Structure formats: structure tokens, C-alpha cells
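The next block holds one structure in the form of C-alpha cells; read it before the comments.
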Amino acid sequence: MTSKSFVLLLCILLLLGFTTGESFALKKDTKSIKKASHPEKTTISRKNRSKALAHYMMGIIYDDRGKPKLALTEYKKSLQYNPSSTLTRLKLGIDYLVLGEDEKAVKELEFIKKTDPESSQARFLLALIY
């Protein structure tokens, strides 16, 4: 992929994020960076944040197209750049549930519950599993 097409794809992804309401959730997710259970990993560079966002948005596109396995791959790549992202872990947990991998879903949702105790979405999904 050329750099020009990558920039174009990234712009489209960001535009989709602003129009689908995901941008609000991403802004809220920056709080999770400060709340992470590992304080030494709380600061991420702008470059890593951009890469995490790009993989996260690709995951959303795959989810919208009904391809949860591909979405999982992108969400995992996103976590490599921003391991404390509760929003990405929530998406991972949902996709694991869709694929019937309840134990992996519980692991991700419990991480969210620990780092963001006010997350009603994680608590609701955990209640459904238990």
C-alpha cells in the first residue's frame, strides 16, 4: 500500500469515526490511558495512538461487514500500540462472544471492569455471560 493510499484510507476512517459516534467514545477512552493498571505504560506517543486508532477503525469496518475474525486481528494490533484501551478491549470482548469464545471475552471484560469500574457495558456483558 502506498503512503498516499494509506493517508486516504486513514482520512476516510477518521471521517467514518466522526460520523458514526465512535469519535466520542474514542475521546472518552483517553481517560483509560490515565487509569491503566500499569502506570509505567500510561503514556503513549502520538504515533502509537494514531496506529492504534487506524487498527481500531479497521476492526470496526470488519465488524460492520460481518467479519469478526478479521476484526479481532485488527483490535489485537490496536492493543499492541495502546494496551490500556478499554474501548478496544470492549470490542474484543464482544467479538469473542460472537465467536463463542466466552473465556476470552470474560478476560477482556474483567480487565475493563478493573481499570474502569464505572463501565456499565462491561458489567452488562459479564452479567450476560454469567
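Following the order of the C-alpha cells, chains are lettered A, B, ..., residues in each are numbered from 1, and ligands are numbered from 1.
Residues in contact with range 72-87 of chain A at up to 6 Å, not including ones fewer than 3 positions away on its chain and judged by only C-alpha atoms, are Ile33, Ala36, Asn48, Ala52, His55, Tyr56, Gly59, Lys69, Leu90 and Ile112 of chain A.
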Task: Atomic separation - CA of Pro68 in chain A relative to CA of Tyr96 in chain A, Å - done: 8.2 Å
TODO: as an MDAnalysis selection string, list the residues of range 27-120 of chain A assigned to alpha helix (DSSP H) by DSSP on the backbone atoms of this structure.
DONE: chainID A and resid 27:35 46:64 68:81 86:98 102:115 120
Task: Residues within 12 Å of Asp64 in chain A, only C-alpha atoms, excluding chain neighbours under 4 positions, as number ranges by chain - done: A: 16, 20, 57-60, 68, 70-71, 91, 95
Would you export the selected residues with all heavy atoms as a PDB file, in the first residue's frame, please?
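Heads up, here's the output in again-v5.pdb:
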```
ATOM      1  N   LEU A  16     -15.346   8.438   9.031  1.00  0.00           N
ATOM      2  CA  LEU A  16     -16.363   7.483   9.465  1.00  0.00           C
ATOM      3  C   LEU A  16     -16.508   7.491  10.980  1.00  0.00           C
ATOM      4  O   LEU A  16     -17.617   7.386  11.504  1.00  0.00           O
ATOM      5  CB  LEU A  16     -16.015   6.069   8.990  1.00  0.00           C
ATOM      6  CG  LEU A  16     -16.204   5.779   7.518  1.00  0.00           C
ATOM      7  CD1 LEU A  16     -15.660   4.400   7.173  1.00  0.00           C
ATOM      8  CD2 LEU A  16     -17.659   5.875   7.137  1.00  0.00           C
ATOM      9  N   THR A  20     -20.069   8.276  12.870  1.00  0.00           N
ATOM     10  CA  THR A  20     -20.780   7.155  13.484  1.00  0.00           C
ATOM     11  C   THR A  20     -20.858   7.247  14.992  1.00  0.00           C
ATOM     12  O   THR A  20     -21.426   6.372  15.627  1.00  0.00           O
ATOM     13  CB  THR A  20     -20.090   5.814  13.136  1.00  0.00           C
ATOM     14  OG1 THR A  20     -18.764   5.844  13.664  1.00  0.00           O
ATOM     15  CG2 THR A  20     -20.094   5.561  11.655  1.00  0.00           C
ATOM     16  N   MET A  57     -10.171   1.339  13.892  1.00  0.00           N
ATOM     17  CA  MET A  57     -11.174   1.680  12.868  1.00  0.00           C
ATOM     18  C   MET A  57     -11.311   0.562  11.830  1.00  0.00           C
ATOM     19  O   MET A  57     -12.417   0.283  11.357  1.00  0.00           O
ATOM     20  CB  MET A  57     -10.820   3.007  12.193  1.00  0.00           C
ATOM     21  CG  MET A  57     -10.877   4.206  13.141  1.00  0.00           C
ATOM     22  SD  MET A  57     -12.487   4.440  13.922  1.00  0.00           S
ATOM     23  CE  MET A  57     -13.462   4.923  12.530  1.00  0.00           C
ATOM     24  N   MET A  58     -10.202  -0.073  11.476  1.00  0.00           N
ATOM     25  CA  MET A  58     -10.298  -1.214  10.558  1.00  0.00           C
ATOM     26  C   MET A  58     -11.111  -2.340  11.195  1.00  0.00           C
ATOM     27  O   MET A  58     -11.895  -3.013  10.526  1.00  0.00           O
ATOM     28  CB  MET A  58      -8.906  -1.721  10.172  1.00  0.00           C
ATOM     29  CG  MET A  58      -8.165  -0.822   9.209  1.00  0.00           C
ATOM     30  SD  MET A  58      -9.019  -0.551   7.644  1.00  0.00           S
ATOM     31  CE  MET A  58      -9.103  -2.209   6.993  1.00  0.00           C
ATOM     32  N   GLY A  59     -10.937  -2.526  12.492  1.00  0.00           N
ATOM     33  CA  GLY A  59     -11.736  -3.522  13.204  1.00  0.00           C
ATOM     34  C   GLY A  59     -13.223  -3.207  13.135  1.00  0.00           C
ATOM     35  O   GLY A  59     -14.054  -4.102  12.927  1.00  0.00           O
ATOM     36  N   ILE A  60     -13.559  -1.950  13.283  1.00  0.00           N
ATOM     37  CA  ILE A  60     -14.968  -1.543  13.186  1.00  0.00           C
ATOM     38  C   ILE A  60     -15.509  -1.823  11.789  1.00  0.00           C
ATOM     39  O   ILE A  60     -16.628  -2.314  11.628  1.00  0.00           O
ATOM     40  CB  ILE A  60     -15.125  -0.049  13.552  1.00  0.00           C
ATOM     41  CG1 ILE A  60     -14.893   0.127  15.043  1.00  0.00           C
ATOM     42  CG2 ILE A  60     -16.500   0.468  13.163  1.00  0.00           C
ATOM     43  CD1 ILE A  60     -14.894   1.562  15.502  1.00  0.00           C
ATOM     44  N   PRO A  68     -16.061 -10.928  12.093  1.00  0.00           N
ATOM     45  CA  PRO A  68     -15.496 -10.748  13.433  1.00  0.00           C
ATOM     46  C   PRO A  68     -14.082 -11.290  13.594  1.00  0.00           C
ATOM     47  O   PRO A  68     -13.311 -10.761  14.395  1.00  0.00           O
ATOM     48  CB  PRO A  68     -16.484 -11.458  14.354  1.00  0.00           C
ATOM     49  CG  PRO A  68     -17.225 -12.407  13.481  1.00  0.00           C
ATOM     50  CD  PRO A  68     -17.237 -11.792  12.110  1.00  0.00           C
ATOM     51  N   LEU A  70     -11.604 -11.185  11.393  1.00  0.00           N
ATOM     52  CA  LEU A  70     -10.697 -10.154  10.891  1.00  0.00           C
ATOM     53  C   LEU A  70     -10.684  -8.951  11.834  1.00  0.00           C
ATOM     54  O   LEU A  70      -9.641  -8.334  12.054  1.00  0.00           O
ATOM     55  CB  LEU A  70     -11.091  -9.732   9.483  1.00  0.00           C
ATOM     56  CG  LEU A  70     -10.891 -10.791   8.390  1.00  0.00           C
ATOM     57  CD1 LEU A  70     -11.460 -10.314   7.059  1.00  0.00           C
ATOM     58  CD2 LEU A  70      -9.418 -11.123   8.243  1.00  0.00           C
ATOM     59  N   ALA A  71     -11.847  -8.640  12.396  1.00  0.00           N
ATOM     60  CA  ALA A  71     -11.930  -7.530  13.346  1.00  0.00           C
ATOM     61  C   ALA A  71     -11.074  -7.819  14.576  1.00  0.00           C
ATOM     62  O   ALA A  71     -10.370  -6.935  15.073  1.00  0.00           O
ATOM     63  CB  ALA A  71     -13.383  -7.287  13.746  1.00  0.00           C
ATOM     64  N   LYS A  91     -14.623  -4.017  22.415  1.00  0.00           N
ATOM     65  CA  LYS A  91     -14.893  -4.564  21.076  1.00  0.00           C
ATOM     66  C   LYS A  91     -14.357  -5.993  20.958  1.00  0.00           C
ATOM     67  O   LYS A  91     -15.007  -6.853  20.363  1.00  0.00           O
ATOM     68  CB  LYS A  91     -14.267  -3.678  19.997  1.00  0.00           C
ATOM     69  CG  LYS A  91     -14.863  -2.302  19.900  1.00  0.00           C
ATOM     70  CD  LYS A  91     -16.217  -2.347  19.276  1.00  0.00           C
ATOM     71  CE  LYS A  91     -16.697  -0.956  18.933  1.00  0.00           C
ATOM     72  NZ  LYS A  91     -17.993  -0.974  18.279  1.00  0.00           N
ATOM     73  N   ASP A  95     -16.636  -9.349  20.189  1.00  0.00           N
ATOM     74  CA  ASP A  95     -16.341 -10.277  19.089  1.00  0.00           C
ATOM     75  C   ASP A  95     -16.059 -11.687  19.594  1.00  0.00           C
ATOM     76  O   ASP A  95     -16.449 -12.665  18.958  1.00  0.00           O
ATOM     77  CB  ASP A  95     -15.191  -9.765  18.229  1.00  0.00           C
ATOM     78  CG  ASP A  95     -15.638  -8.697  17.249  1.00  0.00           C
ATOM     79  OD1 ASP A  95     -16.863  -8.552  17.040  1.00  0.00           O
ATOM     80  OD2 ASP A  95     -14.778  -8.005  16.688  1.00  0.00           O
TER      81      ASP A  95
END
```
List the spatial neighbours of Val106 in chain A as a JSON list (two decimals) with all heavy atoms, in the first residue's frame - criterion: any atom at most 9 Å away, only C-alpha atoms, same-chain residues fewer than 4 positions off excluded.
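Final output, result-v6.json:
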```json
[["chain", "number", "residue", "atom", "x", "y", "z"],
["A", 93, "GLY", "N", -14.01, -8.13, 23.44],
["A", 93, "GLY", "CA", -14.91, -8.97, 24.22],
["A", 93, "GLY", "C", -16.20, -9.29, 23.48],
["A", 93, "GLY", "O", -16.67, -10.43, 23.49],
["A", 96, "TYR", "N", -15.39, -11.79, 20.73],
["A", 96, "TYR", "CA", -15.18, -13.12, 21.31],
["A", 96, "TYR", "C", -16.53, -13.77, 21.65],
["A", 96, "TYR", "O", -16.71, -14.97, 21.44],
["A", 96, "TYR", "CB", -14.31, -13.05, 22.57],
["A", 96, "TYR", "CG", -12.83, -12.93, 22.30],
["A", 96, "TYR", "CD1", -12.05, -12.03, 23.00],
["A", 96, "TYR", "CD2", -12.20, -13.73, 21.35],
["A", 96, "TYR", "CE1", -10.68, -11.92, 22.77],
["A", 96, "TYR", "CE2", -10.83, -13.64, 21.12],
["A", 96, "TYR", "CZ", -10.08, -12.73, 21.83],
["A", 96, "TYR", "OH", -8.74, -12.64, 21.59],
["A", 97, "LEU", "N", -17.47, -12.98, 22.15],
["A", 97, "LEU", "CA", -18.80, -13.52, 22.44],
["A", 97, "LEU", "C", -19.50, -13.98, 21.16],
["A", 97, "LEU", "O", -20.12, -15.04, 21.13],
["A", 97, "LEU", "CB", -19.66, -12.48, 23.15],
["A", 97, "LEU", "CG", -19.34, -12.24, 24.61],
["A", 97, "LEU", "CD1", -20.19, -11.08, 25.15],
["A", 97, "LEU", "CD2", -19.58, -13.49, 25.43],
["A", 101, "GLU", "N", -16.34, -17.64, 22.11],
["A", 101, "GLU", "CA", -15.16, -17.80, 22.94],
["A", 101, "GLU", "C", -15.37, -17.03, 24.25],
["A", 101, "GLU", "O", -14.77, -15.98, 24.49],
["A", 101, "GLU", "CB", -13.92, -17.32, 22.20],
["A", 101, "GLU", "CG", -13.66, -18.12, 20.93],
["A", 101, "GLU", "CD", -12.41, -17.67, 20.19],
["A", 101, "GLU", "OE1", -11.43, -17.25, 20.85],
["A", 101, "GLU", "OE2", -12.43, -17.72, 18.95],
["A", 102, "ASP", "N", -16.23, -17.58, 25.11],
["A", 102, "ASP", "CA", -16.64, -16.88, 26.32],
["A", 102, "ASP", "C", -15.50, -16.62, 27.29],
["A", 102, "ASP", "O", -15.46, -15.56, 27.94],
["A", 102, "ASP", "CB", -17.75, -17.67, 27.04],
["A", 102, "ASP", "CG", -19.03, -17.73, 26.23],
["A", 102, "ASP", "OD1", -19.12, -17.05, 25.19],
["A", 102, "ASP", "OD2", -19.95, -18.47, 26.64],
["A", 110, "GLU", "N", -13.24, -8.40, 32.19],
["A", 110, "GLU", "CA", -12.75, -8.25, 33.57],
["A", 110, "GLU", "C", -11.64, -7.19, 33.63],
["A", 110, "GLU", "O", -11.56, -6.44, 34.60],
["A", 110, "GLU", "CB", -12.24, -9.58, 34.12],
["A", 110, "GLU", "CG", -13.32, -10.58, 34.46],
["A", 110, "GLU", "CD", -14.17, -10.18, 35.66],
["A", 110, "GLU", "OE1", -13.78, -9.28, 36.43],
["A", 110, "GLU", "OE2", -15.25, -10.78, 35.82],
["A", 111, "PHE", "N", -10.81, -7.13, 32.60],
["A", 111, "PHE", "CA", -9.78, -6.09, 32.54],
["A", 111, "PHE", "C", -10.44, -4.71, 32.53],
["A", 111, "PHE", "O", -10.02, -3.80, 33.24],
["A", 111, "PHE", "CB", -8.92, -6.26, 31.28],
["A", 111, "PHE", "CG", -7.87, -5.19, 31.14],
["A", 111, "PHE", "CD1", -6.61, -5.35, 31.72],
["A", 111, "PHE", "CD2", -8.12, -4.02, 30.45],
["A", 111, "PHE", "CE1", -5.64, -4.37, 31.59],
["A", 111, "PHE", "CE2", -7.16, -3.03, 30.32],
["A", 111, "PHE", "CZ", -5.91, -3.20, 30.90],
["A", 125, "LEU", "N", -22.30, -7.04, 29.89],
["A", 125, "LEU", "CA", -21.87, -8.22, 29.13],
["A", 125, "LEU", "C", -21.42, -9.35, 30.04],
["A", 125, "LEU", "O", -21.70, -10.52, 29.79],
["A", 125, "LEU", "CB", -20.77, -7.84, 28.15],
["A", 125, "LEU", "CG", -21.22, -6.96, 26.98],
["A", 125, "LEU", "CD1", -20.01, -6.46, 26.19],
["A", 125, "LEU", "CD2", -22.18, -7.70, 26.07],
["A", 126, "LEU", "N", -20.73, -9.00, 31.13],
["A", 126, "LEU", "CA", -20.34, -10.03, 32.09],
["A", 126, "LEU", "C", -21.56, -10.68, 32.72],
["A", 126, "LEU", "O", -21.57, -11.89, 32.94],
["A", 126, "LEU", "CB", -19.43, -9.41, 33.17],
["A", 126, "LEU", "CG", -17.98, -9.18, 32.75],
["A", 126, "LEU", "CD1", -17.27, -8.31, 33.79],
["A", 126, "LEU", "CD2", -17.26, -10.49, 32.54],
["A", 129, "ILE", "N", -22.92, -13.23, 30.42],
["A", 129, "ILE", "CA", -22.10, -14.46, 30.35],
["A", 129, "ILE", "C", -22.33, -15.33, 31.57],
["A", 129, "ILE", "O", -22.48, -16.54, 31.45],
["A", 129, "ILE", "CB", -20.60, -14.09, 30.21],
["A", 129, "ILE", "CG1", -20.35, -13.39, 28.89],
["A", 129, "ILE", "CG2", -19.74, -15.33, 30.33],
["A", 129, "ILE", "CD1", -18.98, -12.77, 28.76]]
```
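CA of Pro117 in chain A to CA of Lys104 in chain A spans 19.2 Å [interatomic distance, one decimal].
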